[in-house]
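J.: Next comes the structure file final-v7.cif, holding mmCIF, C-alpha atoms; chains and numbers go by the auth columns.
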```
data_upload
loop_
_atom_site.group_PDB
_atom_site.id
_atom_site.type_symbol
_atom_site.label_atom_id
_atom_site.label_comp_id
_atom_site.label_asym_id
_atom_site.label_seq_id
_atom_site.Cartn_x
_atom_site.Cartn_y
_atom_site.Cartn_z
_atom_site.B_iso_or_equiv
_atom_site.auth_seq_id
_atom_site.auth_asym_id
ATOM 1 C CA MET A 1 -10.495 -20.479 -27.328 0.00 1 A
ATOM 2 C CA TRP A 2 -7.651 -18.792 -29.187 0.00 2 A
ATOM 3 C CA VAL A 3 -4.239 -18.257 -27.616 0.00 3 A
ATOM 4 C CA ARG A 4 -1.088 -16.346 -28.515 0.00 4 A
ATOM 5 C CA PHE A 5 2.290 -16.920 -26.970 0.00 5 A
ATOM 6 C CA GLN A 6 4.441 -14.039 -25.729 0.00 6 A
ATOM 7 C CA GLU A 7 8.187 -14.136 -25.252 0.00 7 A
ATOM 8 C CA PRO A 8 9.943 -15.689 -23.457 0.00 8 A
ATOM 9 C CA VAL A 9 8.690 -19.127 -24.510 0.00 9 A
ATOM 10 C CA ASP A 10 10.276 -22.382 -23.361 0.00 10 A
ATOM 11 C CA ASP A 11 12.591 -23.799 -26.054 0.00 11 A
ATOM 12 C CA ASP A 12 10.760 -27.143 -26.244 0.00 12 A
ATOM 13 C CA LEU A 13 7.373 -25.413 -26.578 0.00 13 A
ATOM 14 C CA ARG A 14 8.802 -23.084 -29.233 0.00 14 A
ATOM 15 C CA ALA A 15 9.985 -26.103 -31.253 0.00 15 A
ATOM 16 C CA GLU A 16 6.516 -27.705 -31.094 0.00 16 A
ATOM 17 C CA LEU A 17 4.768 -24.445 -32.047 0.00 17 A
ATOM 18 C CA THR A 18 7.169 -23.962 -34.952 0.00 18 A
ATOM 19 C CA ARG A 19 6.356 -27.458 -36.259 0.00 19 A
ATOM 20 C CA LEU A 20 2.636 -26.606 -36.135 0.00 20 A
ATOM 21 C CA VAL A 21 3.153 -23.346 -38.005 0.00 21 A
ATOM 22 C CA ARG A 22 5.327 -24.845 -40.745 0.00 22 A
ATOM 23 C CA ARG A 23 3.020 -27.726 -41.651 0.00 23 A
ATOM 24 C CA ARG A 24 -0.194 -27.583 -43.682 0.00 24 A
ATOM 25 C CA GLY A 25 -3.295 -29.760 -43.964 0.00 25 A
ATOM 26 C CA SER A 26 -3.151 -33.311 -42.645 0.00 26 A
ATOM 27 C CA ALA A 27 0.563 -32.973 -41.766 0.00 27 A
ATOM 28 C CA ALA A 28 -0.340 -30.063 -39.458 0.00 28 A
ATOM 29 C CA ARG A 29 -3.119 -32.083 -37.817 0.00 29 A
ATOM 30 C CA ARG A 30 -0.744 -35.017 -37.230 0.00 30 A
ATOM 31 C CA ALA A 31 1.850 -32.645 -35.738 0.00 31 A
ATOM 32 C CA ALA A 32 -0.831 -31.201 -33.412 0.00 32 A
ATOM 33 C CA GLU A 33 -1.780 -34.694 -32.245 0.00 33 A
ATOM 34 C CA ARG A 34 1.829 -35.260 -31.125 0.00 34 A
ATOM 35 C CA VAL A 35 1.909 -32.092 -28.989 0.00 35 A
ATOM 36 C CA ASP A 36 1.214 -32.748 -25.306 0.00 36 A
ATOM 37 C CA PRO A 37 -1.806 -30.943 -23.855 0.00 37 A
ATOM 38 C CA ILE A 38 -0.957 -27.578 -22.328 0.00 38 A
ATOM 39 C CA GLU A 39 -2.326 -25.742 -19.307 0.00 39 A
ATOM 40 C CA VAL A 40 -3.285 -22.092 -19.680 0.00 40 A
ATOM 41 C CA VAL A 41 -3.705 -20.020 -16.516 0.00 41 A
ATOM 42 C CA MET A 42 -5.768 -16.824 -16.752 0.00 42 A
ATOM 43 C CA ASP A 43 -6.765 -14.165 -14.255 0.00 43 A
ATOM 44 C CA ASP A 44 -10.493 -13.505 -14.308 0.00 44 A
ATOM 45 C CA PRO A 45 -12.084 -10.100 -13.544 0.00 45 A
ATOM 46 C CA HIS A 46 -12.561 -11.080 -9.887 0.00 46 A
ATOM 47 C CA GLY A 47 -8.865 -11.746 -9.306 0.00 47 A
ATOM 48 C CA GLU A 48 -9.283 -15.512 -9.346 0.00 48 A
ATOM 49 C CA ARG A 49 -7.162 -17.773 -11.507 0.00 49 A
ATOM 50 C CA GLN A 50 -8.778 -20.067 -14.020 0.00 50 A
ATOM 51 C CA ARG A 51 -6.885 -23.066 -15.395 0.00 51 A
ATOM 52 C CA ILE A 52 -7.756 -24.619 -18.731 0.00 52 A
ATOM 53 C CA VAL A 53 -6.074 -27.749 -20.081 0.00 53 A
ATOM 54 C CA GLY A 54 -6.338 -28.288 -23.785 0.00 54 A
ATOM 55 C CA GLN A 55 -4.854 -29.490 -27.020 0.00 55 A
ATOM 56 C CA LEU A 56 -3.394 -27.009 -29.492 0.00 56 A
ATOM 57 C CA GLU A 57 -4.709 -26.981 -33.037 0.00 57 A
ATOM 58 C CA PRO A 58 -2.697 -25.782 -36.047 0.00 58 A
ATOM 59 C CA PRO A 59 -3.185 -22.085 -36.806 0.00 59 A
ATOM 60 C CA GLN A 60 -5.618 -21.256 -39.608 0.00 60 A
ATOM 61 C CA VAL A 61 -3.815 -18.042 -40.519 0.00 61 A
ATOM 62 C CA ARG A 62 -0.065 -17.609 -40.334 0.00 62 A
ATOM 63 C CA HIS A 63 1.331 -14.095 -39.955 0.00 63 A
ATOM 64 C CA GLY A 64 4.993 -14.269 -40.860 0.00 64 A
ATOM 65 C CA GLY A 65 7.515 -15.644 -38.432 0.00 65 A
ATOM 66 C CA LEU A 66 6.576 -13.741 -35.279 0.00 66 A
ATOM 67 C CA LEU A 67 5.203 -16.190 -32.739 0.00 67 A
ATOM 68 C CA ARG A 68 3.248 -13.483 -30.901 0.00 68 A
ATOM 69 C CA ALA A 69 1.294 -12.699 -34.094 0.00 69 A
ATOM 70 C CA ILE A 70 0.052 -16.273 -34.602 0.00 70 A
ATOM 71 C CA GLU A 71 -3.194 -17.417 -32.994 0.00 71 A
ATOM 72 C CA PHE A 72 -3.538 -21.075 -32.070 0.00 72 A
ATOM 73 C CA GLU A 73 -6.843 -22.689 -31.227 0.00 73 A
ATOM 74 C CA LEU A 74 -6.903 -24.396 -27.845 0.00 74 A
ATOM 75 C CA ARG A 75 -9.435 -27.225 -27.776 0.00 75 A
ATOM 76 C CA ARG A 76 -10.400 -27.897 -24.167 0.00 76 A
ATOM 77 C CA SER A 77 -9.620 -31.418 -22.952 0.00 77 A
ATOM 78 C CA SER A 78 -12.500 -33.353 -21.452 0.00 78 A
#
```
Give the structure from this file in structure tokens form.

T.:
Amino acid sequence: MWVRFQEPVDDDLRAELTRLVRRRGSAARRAAERVDPIEVVMDDPHGERQRIVGQLEPPQVRHGGLLRAIEFELRRSS
């Protein structure tokens, strides 16, 4: 699953996302391992809420400095 973050974003989360965006290769993977799992809540077409807990992965493509333009992979926790 791919996720994008819209403003406003919590300051602590913003700092972690910024670290993921700024690092490359193995440094990015190590930074992602230090990020706590996050919970994403989505509304489904039937009006129900679905919760997914997962670990963020470093973005494959970085689009400038705008957080809302960067897609992060969310790997579902087991």

J.: For Leu17 (chain A), please output as a VMD selection string all residues within 12 Å (counting all atoms listed in the file; exclusion window: fewer than 3 positions along the same chain).

T.: chain A and resid 3 to 5 9 to 14 20 to 23 28 31 to 32 34 to 36 38 55 to 59 62 65 to 68 70 to 73

J.: In Å to one decimal, how far is CA of Val53 (chain A) from CA of Ser77 (chain A)?

T.: 5.9 Å

J.: Between CA of Val61 (chain A) and CA of Glu7 (chain A), what is the distance, to one decimal in Å?

T.: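 These two atoms are separated by 19.8 Å.
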
J.: If I take CA of Asp44 (chain A) and CA of Trp2 (chain A), how far is one from the other in Å, to one decimal?

T.: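 These atoms are spaced 16.0 Å apart.
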
J.: Nearest residue to Glu33 (chain A) out of A:Ala69, A:Arg75, A:Glu48, A:Gln60, using only C-alpha atoms?

T.: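 Among the listed residues, A:Arg75 lies closest to Glu33 (chain A).
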
J.: Where atoms are absent from region 42-53 of chain A, fill them in so it carries N, CA, C and O atoms, then output it as a PDB file, in the coordinates of the input.

T.:
```
ATOM      1  N   MET A  42      -5.295 -18.183 -16.492  1.00  0.00           N
ATOM      2  CA  MET A  42      -5.768 -16.824 -16.752  1.00  0.00           C
ATOM      3  C   MET A  42      -6.290 -16.208 -15.464  1.00  0.00           C
ATOM      4  O   MET A  42      -6.837 -16.912 -14.619  1.00  0.00           O
ATOM      5  N   ASP A  43      -6.140 -14.905 -15.350  1.00  0.00           N
ATOM      6  CA  ASP A  43      -6.765 -14.165 -14.255  1.00  0.00           C
ATOM      7  C   ASP A  43      -8.133 -13.716 -14.732  1.00  0.00           C
ATOM      8  O   ASP A  43      -8.264 -13.134 -15.807  1.00  0.00           O
ATOM      9  N   ASP A  44      -9.167 -13.978 -13.926  1.00  0.00           N
ATOM     10  CA  ASP A  44     -10.493 -13.505 -14.308  1.00  0.00           C
ATOM     11  C   ASP A  44     -10.729 -12.129 -13.697  1.00  0.00           C
ATOM     12  O   ASP A  44      -9.909 -11.630 -12.920  1.00  0.00           O
ATOM     13  N   PRO A  45     -11.839 -11.459 -14.041  1.00  0.00           N
ATOM     14  CA  PRO A  45     -12.084 -10.100 -13.544  1.00  0.00           C
ATOM     15  C   PRO A  45     -12.177  -9.988 -12.022  1.00  0.00           C
ATOM     16  O   PRO A  45     -12.022  -8.914 -11.467  1.00  0.00           O
ATOM     17  N   HIS A  46     -12.419 -11.096 -11.340  1.00  0.00           N
ATOM     18  CA  HIS A  46     -12.561 -11.080  -9.887  1.00  0.00           C
ATOM     19  C   HIS A  46     -11.260 -11.409  -9.167  1.00  0.00           C
ATOM     20  O   HIS A  46     -11.248 -11.617  -7.954  1.00  0.00           O
ATOM     21  N   GLY A  47     -10.159 -11.464  -9.908  1.00  0.00           N
ATOM     22  CA  GLY A  47      -8.865 -11.746  -9.306  1.00  0.00           C
ATOM     23  C   GLY A  47      -8.589 -13.216  -9.053  1.00  0.00           C
ATOM     24  O   GLY A  47      -7.590 -13.564  -8.454  1.00  0.00           O
ATOM     25  N   GLU A  48      -9.475 -14.068  -9.495  1.00  0.00           N
ATOM     26  CA  GLU A  48      -9.283 -15.512  -9.346  1.00  0.00           C
ATOM     27  C   GLU A  48      -8.518 -16.038 -10.567  1.00  0.00           C
ATOM     28  O   GLU A  48      -8.549 -15.449 -11.628  1.00  0.00           O
ATOM     29  N   ARG A  49      -7.860 -17.140 -10.385  1.00  0.00           N
ATOM     30  CA  ARG A  49      -7.162 -17.773 -11.507  1.00  0.00           C
ATOM     31  C   ARG A  49      -7.992 -18.919 -12.049  1.00  0.00           C
ATOM     32  O   ARG A  49      -8.562 -19.697 -11.292  1.00  0.00           O
ATOM     33  N   GLN A  50      -8.065 -18.987 -13.357  1.00  0.00           N
ATOM     34  CA  GLN A  50      -8.778 -20.067 -14.020  1.00  0.00           C
ATOM     35  C   GLN A  50      -7.759 -20.877 -14.826  1.00  0.00           C
ATOM     36  O   GLN A  50      -6.950 -20.310 -15.546  1.00  0.00           O
ATOM     37  N   ARG A  51      -7.803 -22.180 -14.675  1.00  0.00           N
ATOM     38  CA  ARG A  51      -6.885 -23.066 -15.395  1.00  0.00           C
ATOM     39  C   ARG A  51      -7.671 -23.847 -16.439  1.00  0.00           C
ATOM     40  O   ARG A  51      -8.714 -24.422 -16.127  1.00  0.00           O
ATOM     41  N   ILE A  52      -7.142 -23.866 -17.643  1.00  0.00           N
ATOM     42  CA  ILE A  52      -7.756 -24.619 -18.731  1.00  0.00           C
ATOM     43  C   ILE A  52      -6.681 -25.516 -19.327  1.00  0.00           C
ATOM     44  O   ILE A  52      -5.590 -25.050 -19.672  1.00  0.00           O
ATOM     45  N   VAL A  53      -6.981 -26.799 -19.445  1.00  0.00           N
ATOM     46  CA  VAL A  53      -6.074 -27.749 -20.081  1.00  0.00           C
ATOM     47  C   VAL A  53      -6.664 -28.087 -21.435  1.00  0.00           C
ATOM     48  O   VAL A  53      -7.856 -28.378 -21.550  1.00  0.00           O
TER      49      VAL A  53
END
```
